[in-house]
Amino acid sequence: MSGGGAAGGYGFNDLVVVLLVVVVAALVVMAVMGPSVAKIAEVIGQMAHADVRHGSEAAAARQCAERPDWIFFNPQTQRTAFGCMTDMGKFGLFIMDSAGREITAFLKNKFNKVDQLFQYMRNTGYELVP
């Protein structure tokens with residue numbers, strides 16, 4: 001690259017060339033890994049909702065997907081919810097869509113009885129799966 005600025009620095013044209021190389025490299029990666037990159041971005045976006053809205057409690061509630069105590073289904077939204085008592089001693093919910101993608105994960109901090117969790121799920125359109 002040609003040194004164009006003062007004291008041997010790089011000029012505007014050099015910056016344009018570097019940016020062009022970066023953009024072309026990114027396009028090549030996207031062309032080769034397009035579907036994988038799109039899927040990764042989708043998963044990150046879905047996880048981000050729970051993490052942004054519910055913070056570290058989202059991670060605790062994800063335990064429910066791995067070892068649910070109860071499974072609920074909402075016939076209108078076709079979503080499945082996994083409920084459990086988390087290691088934090090709080091009721092947690094992990095909700096996913098019909099394609100198995102995470103919608104959200106959160107704790108119900110104010111609930112201290114399982115009946116409260118069941119009522120909450122009924123009120124939001126979910127039915128307990130036998």
# chains A, B, ... in the order shown; residues from 1 in each chain; ligands from 1

$ residues_around --residues "A:Phe72" --least-positions-apart "3" --cutoff "8 Å" --atoms "only C-alpha atoms" --output "list of chain:residue names"
A:Thr80, A:Ala81, A:Phe82, A:Gly83, A:Met121, A:Tyr126, A:Glu127, A:Leu128, A:Val129

$ atom_distance --atom1 "atom CA of A:Cys84" --atom2 "atom CA of A:Pro68"
5.2 Å

$ residues_around --residues "A:Ala61" --least-positions-apart "3" --cutoff "9 Å" --atoms "only C-alpha atoms" --output "PDB file with C-alpha atoms, in the first residue's frame"
ATOM      1  CA  SER A  56     -29.032 -14.264  34.326  1.00  0.00           C
ATOM      2  CA  GLU A  57     -32.407 -15.743  35.273  1.00  0.00           C
ATOM      3  CA  ALA A  58     -32.798 -16.846  31.642  1.00  0.00           C
ATOM      4  CA  CYS A  64     -36.185 -26.583  32.458  1.00  0.00           C
ATOM      5  CA  ALA A  65     -35.561 -27.520  28.819  1.00  0.00           C
ATOM      6  CA  GLY A  83     -41.490 -25.883  33.644  1.00  0.00           C
ATOM      7  CA  CYS A  84     -39.300 -26.892  36.527  1.00  0.00           C
ATOM      8  CA  MET A  85     -38.010 -26.022  39.945  1.00  0.00           C
ATOM      9  CA  THR A  86     -34.564 -24.615  39.170  1.00  0.00           C
ATOM     10  CA  LYS A  90     -37.478 -20.793  41.814  1.00  0.00           C
ATOM     11  CA  PHE A  91     -40.025 -21.951  39.272  1.00  0.00           C
ATOM     12  CA  GLY A  92     -38.651 -21.564  35.767  1.00  0.00           C
ATOM     13  CA  LEU A  93     -40.172 -21.679  32.298  1.00  0.00           C
ATOM     14  CA  PHE A  94     -38.517 -22.355  28.963  1.00  0.00           C
ATOM     15  CA  ALA A 105     -36.781 -18.402  29.279  1.00  0.00           C
ATOM     16  CA  PHE A 106     -37.530 -16.830  32.650  1.00  0.00           C
ATOM     17  CA  LEU A 107     -38.173 -17.410  36.348  1.00  0.00           C
TER      18      LEU A 107
END

$ closest_residue --among "A:Arg67, A:Arg122, A:Arg79, A:Lys113" --to "A:Ser98" --atoms "only C-alpha atoms"
A:Arg79

$ atom_distance --atom1 "atom CA of A:Asp69" --atom2 "atom CA of A:Ala99"
21.4 Å

$ atom_distance --atom1 "atom CA of A:Pro75" --atom2 "atom CA of A:Met96"
12.9 Å
